[in-house]
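What follows is the content of structure.txt, which has compact mmCIF, C-alpha atoms and all ligand atoms:
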```
# COMPACT_ATOMS: atom_id res chain seq x y z
CA MET X 1 51.89 3.76 31.69
CA TYR X 2 52.96 5.32 34.98
CA TYR X 3 51.45 8.43 36.52
CA PRO X 4 52.99 10.97 38.94
CA GLY X 5 53.93 9.45 42.33
CA PRO X 6 50.86 10.42 44.40
CA ILE X 7 48.47 9.21 41.67
CA GLU X 8 50.40 5.97 41.28
CA ARG X 9 50.27 5.47 45.07
CA LEU X 10 46.48 5.85 45.16
CA ILE X 11 46.05 3.49 42.20
CA GLU X 12 48.27 0.93 43.95
CA ASN X 13 46.26 1.21 47.17
CA LEU X 14 42.90 0.92 45.43
CA THR X 15 44.14 -2.19 43.59
CA LYS X 16 44.45 -3.90 46.97
CA LEU X 17 40.64 -3.76 47.38
CA PRO X 18 38.79 -6.98 46.46
CA GLY X 19 37.54 -7.05 42.88
CA ILE X 20 39.42 -3.91 41.86
CA GLY X 21 41.94 -4.28 39.01
CA ARG X 22 44.38 -1.60 37.82
CA LYS X 23 41.95 -0.35 35.17
CA THR X 24 39.12 0.27 37.67
CA ALA X 25 41.59 1.68 40.22
CA THR X 26 42.80 4.18 37.64
CA ARG X 27 39.24 5.17 36.75
CA LEU X 28 38.40 5.66 40.45
CA THR X 29 41.59 7.67 41.01
CA PHE X 30 40.73 10.08 38.22
CA PHE X 31 37.16 10.31 39.48
CA LEU X 32 38.55 11.31 42.90
CA LEU X 33 41.04 13.69 41.34
CA ASN X 34 38.23 15.51 39.56
CA SER X 35 35.74 15.41 42.45
CA LYS X 36 34.46 18.69 43.80
CA GLY X 37 33.80 20.03 47.30
CA PHE X 38 34.52 18.11 50.47
CA TYR X 39 34.10 14.63 49.04
CA ILE X 40 37.75 13.59 49.38
CA SER X 41 38.15 14.83 52.97
CA GLU X 42 34.77 13.25 53.85
CA LEU X 43 35.91 9.96 52.30
CA SER X 44 39.29 9.92 54.06
CA GLU X 45 37.66 10.84 57.39
CA SER X 46 35.10 8.06 57.04
CA LEU X 47 37.89 5.55 56.31
CA LEU X 48 39.77 6.60 59.46
CA ASP X 49 36.53 6.59 61.45
CA VAL X 50 35.86 2.98 60.53
CA LYS X 51 39.37 2.02 61.53
CA GLU X 52 39.24 3.88 64.84
CA LYS X 53 35.67 3.34 66.03
CA ILE X 54 34.66 -0.08 64.78
CA LYS X 55 35.52 -2.96 67.10
CA LEU X 56 34.15 -6.38 67.96
CA CYS X 57 31.36 -6.76 70.49
CA SER X 58 32.82 -8.51 73.54
CA VAL X 59 29.70 -10.70 73.83
CA CYS X 60 28.76 -11.81 70.29
CA PHE X 61 31.82 -10.63 68.29
CA ASN X 62 29.72 -8.65 65.86
CA ILE X 63 31.29 -5.50 64.44
CA THR X 64 30.08 -2.52 66.43
CA ASP X 65 30.86 1.01 67.58
CA VAL X 66 29.41 0.39 71.08
CA ASP X 67 30.19 -2.50 73.40
CA PRO X 68 28.06 -4.57 73.97
CA CYS X 69 26.47 -4.07 70.54
CA VAL X 70 22.90 -2.89 69.99
CA ILE X 71 21.74 -6.43 69.20
CA CYS X 72 23.11 -7.85 72.45
CA THR X 73 21.42 -5.09 74.46
CA ASP X 74 18.10 -5.23 72.56
CA PRO X 75 15.56 -6.27 75.25
CA ARG X 76 12.92 -7.37 72.71
CA ARG X 77 14.93 -10.30 71.39
CA ASP X 78 14.48 -13.87 72.53
CA ARG X 79 17.12 -14.21 75.25
CA SER X 80 17.19 -17.99 75.06
CA ILE X 81 18.20 -18.50 71.39
CA ILE X 82 21.55 -17.86 69.75
CA CYS X 83 22.01 -18.03 65.99
CA VAL X 84 25.62 -18.93 65.09
CA VAL X 85 27.01 -17.50 61.85
CA GLU X 86 30.41 -17.44 60.14
CA GLU X 87 30.80 -13.70 59.58
CA SER X 88 29.14 -10.37 60.46
CA SER X 89 27.94 -10.09 56.85
CA HIS X 90 26.11 -13.42 57.25
CA MET X 91 24.49 -12.12 60.43
CA MET X 92 23.17 -9.11 58.53
CA VAL X 93 21.54 -11.43 55.98
CA VAL X 94 19.87 -13.60 58.66
CA GLU X 95 18.82 -10.49 60.55
CA SER X 96 17.24 -8.87 57.49
CA ALA X 97 15.16 -12.04 56.97
CA ASN X 98 14.17 -12.28 60.68
CA PRO X 99 14.46 -8.76 62.09
CA GLY X 100 14.56 -8.51 65.87
CA HIS X 101 14.27 -12.25 66.58
CA TYR X 102 17.57 -13.69 67.71
CA LYS X 103 20.81 -12.99 69.42
CA TYR X 104 23.85 -13.98 67.40
CA HIS X 105 27.33 -15.37 67.78
CA ILE X 106 29.84 -14.60 65.06
CA LEU X 107 32.56 -17.22 64.68
CA HIS X 108 34.82 -15.20 62.37
CA GLY X 109 35.62 -18.17 60.21
CA VAL X 110 35.02 -21.88 59.99
CA ILE X 111 37.12 -24.93 60.74
CA ASN X 112 39.25 -25.69 57.68
CA PRO X 113 42.03 -28.24 58.31
CA ILE X 114 43.48 -27.80 54.80
CA GLU X 115 44.13 -24.13 55.52
CA GLY X 116 45.25 -24.91 59.07
CA ILE X 117 42.20 -23.30 60.73
CA GLY X 118 41.26 -25.30 63.81
CA PRO X 119 38.49 -24.92 66.43
CA ASP X 120 40.66 -22.58 68.53
CA ASP X 121 40.99 -20.15 65.60
CA VAL X 122 37.25 -19.40 65.57
CA ARG X 123 35.08 -18.27 68.47
CA ILE X 124 33.75 -21.67 69.54
CA LYS X 125 35.16 -21.62 73.07
CA GLU X 126 33.46 -18.26 73.64
CA LEU X 127 30.17 -19.71 72.32
CA HIS X 128 30.40 -22.56 74.82
CA GLU X 129 30.99 -20.09 77.67
CA ARG X 130 28.07 -17.91 76.54
CA ILE X 131 25.62 -20.81 76.46
CA ILE X 132 26.38 -21.60 80.08
CA ARG X 133 26.54 -17.96 81.24
CA GLU X 134 23.38 -16.80 79.45
CA GLU X 135 21.41 -20.04 80.06
CA ILE X 136 20.73 -20.48 76.35
CA LYS X 137 18.05 -23.02 75.42
CA GLU X 138 18.60 -23.29 71.65
CA VAL X 139 21.54 -22.81 69.29
CA ILE X 140 20.72 -22.43 65.59
CA ILE X 141 23.84 -23.20 63.55
CA ALA X 142 23.68 -21.14 60.37
CA THR X 143 27.11 -21.84 58.89
CA ASN X 144 27.21 -22.41 55.12
CA PRO X 145 26.08 -25.86 53.93
CA ASN X 146 29.53 -26.71 52.48
CA ILE X 147 32.28 -29.03 53.80
CA GLU X 148 33.82 -26.44 56.16
CA GLY X 149 30.44 -25.13 57.37
CA ASN X 150 29.16 -28.65 58.00
CA THR X 151 32.38 -29.69 59.77
CA THR X 152 32.11 -26.64 62.01
CA ALA X 153 28.42 -27.31 62.73
CA HIS X 154 29.22 -30.91 63.61
CA TYR X 155 32.10 -29.87 65.88
CA ILE X 156 29.91 -27.32 67.70
CA SER X 157 27.17 -29.90 68.23
CA GLU X 158 29.72 -32.31 69.73
CA ILE X 159 31.15 -29.64 72.03
CA LEU X 160 27.67 -28.65 73.26
CA LYS X 161 26.37 -32.19 73.66
CA SER X 162 26.90 -32.26 77.42
CA LEU X 163 24.90 -29.04 77.93
CA ASP X 164 21.14 -28.82 78.28
CA VAL X 165 20.67 -26.99 74.99
CA ARG X 166 18.75 -27.78 71.81
CA ILE X 167 21.03 -27.67 68.76
CA THR X 168 19.47 -27.05 65.36
CA ARG X 169 20.95 -26.62 61.90
CA ILE X 170 19.49 -24.46 59.12
CA ALA X 171 17.90 -26.62 56.40
CA SER X 172 19.49 -26.78 52.98
CA GLY X 173 17.61 -27.60 49.82
CA ILE X 174 15.78 -26.15 46.85
CA PRO X 175 15.63 -22.32 47.00
CA VAL X 176 12.25 -20.60 47.22
CA GLY X 177 11.07 -19.93 43.66
CA GLY X 178 13.60 -22.49 42.30
CA ASP X 179 13.01 -25.17 39.67
CA ILE X 180 13.78 -28.80 40.58
CA VAL X 181 15.05 -29.49 37.04
CA TYR X 182 18.03 -27.17 37.53
CA ILE X 183 19.04 -28.25 41.02
CA ASP X 184 22.23 -30.34 41.52
CA PRO X 185 21.87 -33.92 42.88
CA LEU X 186 23.48 -33.08 46.26
CA THR X 187 20.96 -30.34 46.93
CA ILE X 188 18.07 -32.61 45.86
CA LYS X 189 19.37 -35.29 48.23
CA SER X 190 19.67 -32.76 51.05
CA SER X 191 16.14 -31.47 50.50
CA ILE X 192 14.76 -35.03 50.53
CA ASP X 193 16.77 -35.89 53.66
CA ASN X 194 15.43 -32.71 55.29
CA ARG X 195 11.81 -33.23 54.16
CA LYS X 196 9.04 -32.26 56.56
CA ASN X 197 5.41 -33.19 57.13
CA LEU X 198 2.71 -31.19 55.36
ZN ZN Y 201 26.95 -8.13 70.53
```

Take the structure from the file and write it as structure tokens.
Amino acid sequence: MYYPGPIERLIENLTKLPGIGRKTATRLTFFLLNSKGFYISELSESLLDVKEKIKLCSVCFNITDVDPCVICTDPRRDRSIICVVEESSHMMVVESANPGHYKYHILHGVINPIEGIGPDDVRIKELHERIIREEIKEVIIATNPNIEGNTTAHYISEILKSLDVRITRIASGIPVGGDIVYIDPLTIKSSIDNRKNL
């Protein structure tokens, strides 16, 4: 069934959001249609605000409304370590587990030859420049432990080989609180390969 033009337009636009089908989009549209007070103008303003004010930090490429971002200018962080992540959302996860520890570098993707994404399509060149400029002593590569993440980690370690910098990779293995019986063989192998002394 088709609704009046403006309603149909909103449904169409909401359907473009990830995970939103026509049914949910219709439900949301009618929720908005029936909402009271300033909610709709507040919502549209906040959407425009995000579009206008959010940019990438020129140092670490994190999303920010000030440049450099608050993490890059935080004097309490270790100035000699950079944690490399795929996306800003990944950075938030690492940061929430280790608040206030590291500086970051957001690649905005990983190398994926099948999809035609090469080293120049992610921020690896900028990482290399930063390590020299900021005299970084350690780079923690926290890309996902899948084929693309591992390829990217390997590429970064090759690129940085000639520099005087320690390169580390996050460990992958059995999750905290996990049960060895339910873990896949690749993860078991990885956790044995990455075993450490007690
Ligand atoms: Zn930054």

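Nearest to ligand ZN 201 (chain Y) of all the residues X:Val66, X:Leu14, X:Ile7, X:Leu32 is X:Val66, counting only C-alpha atoms and all ligand atoms.
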
Give the answer as one residue: which of X:Ile63, X:Ala153, X:Ile40, X:Ile124 has the shortest atom-to-atom distance to Ile141 (chain X), using all atoms listed in the file?
-> X:Ala153

Identify, counting all atoms listed in the file, the protein, DNA and RNA residues located within 9 Å of ligand ZN 201 (chain Y), and give them as a PyMOL selection string.
-> chain X and resi 56-64+66-73+103-106

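Using only C-alpha atoms, the shortest contact distance between Thr29 (chain X) and any of X:Val176, X:Leu107, X:Met1, X:Leu10 is found at X:Leu10.
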
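Within 6 Å of Ile81 (chain X), once only C-alpha atoms are used and residues closer than 4 positions along the same chain are dropped, the contacting residues are Ile136, Glu138 and Val139 of chain X.
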
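Going from CA of Thr143 (chain X) over to CA of His90 (chain X), you cover 8.6 Å.
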
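Comparing X:Arg76, X:Lys36, X:His154, X:Lys137 by their smallest distance to Ile111 (chain X), the closest is X:His154 (using all atoms listed in the file).
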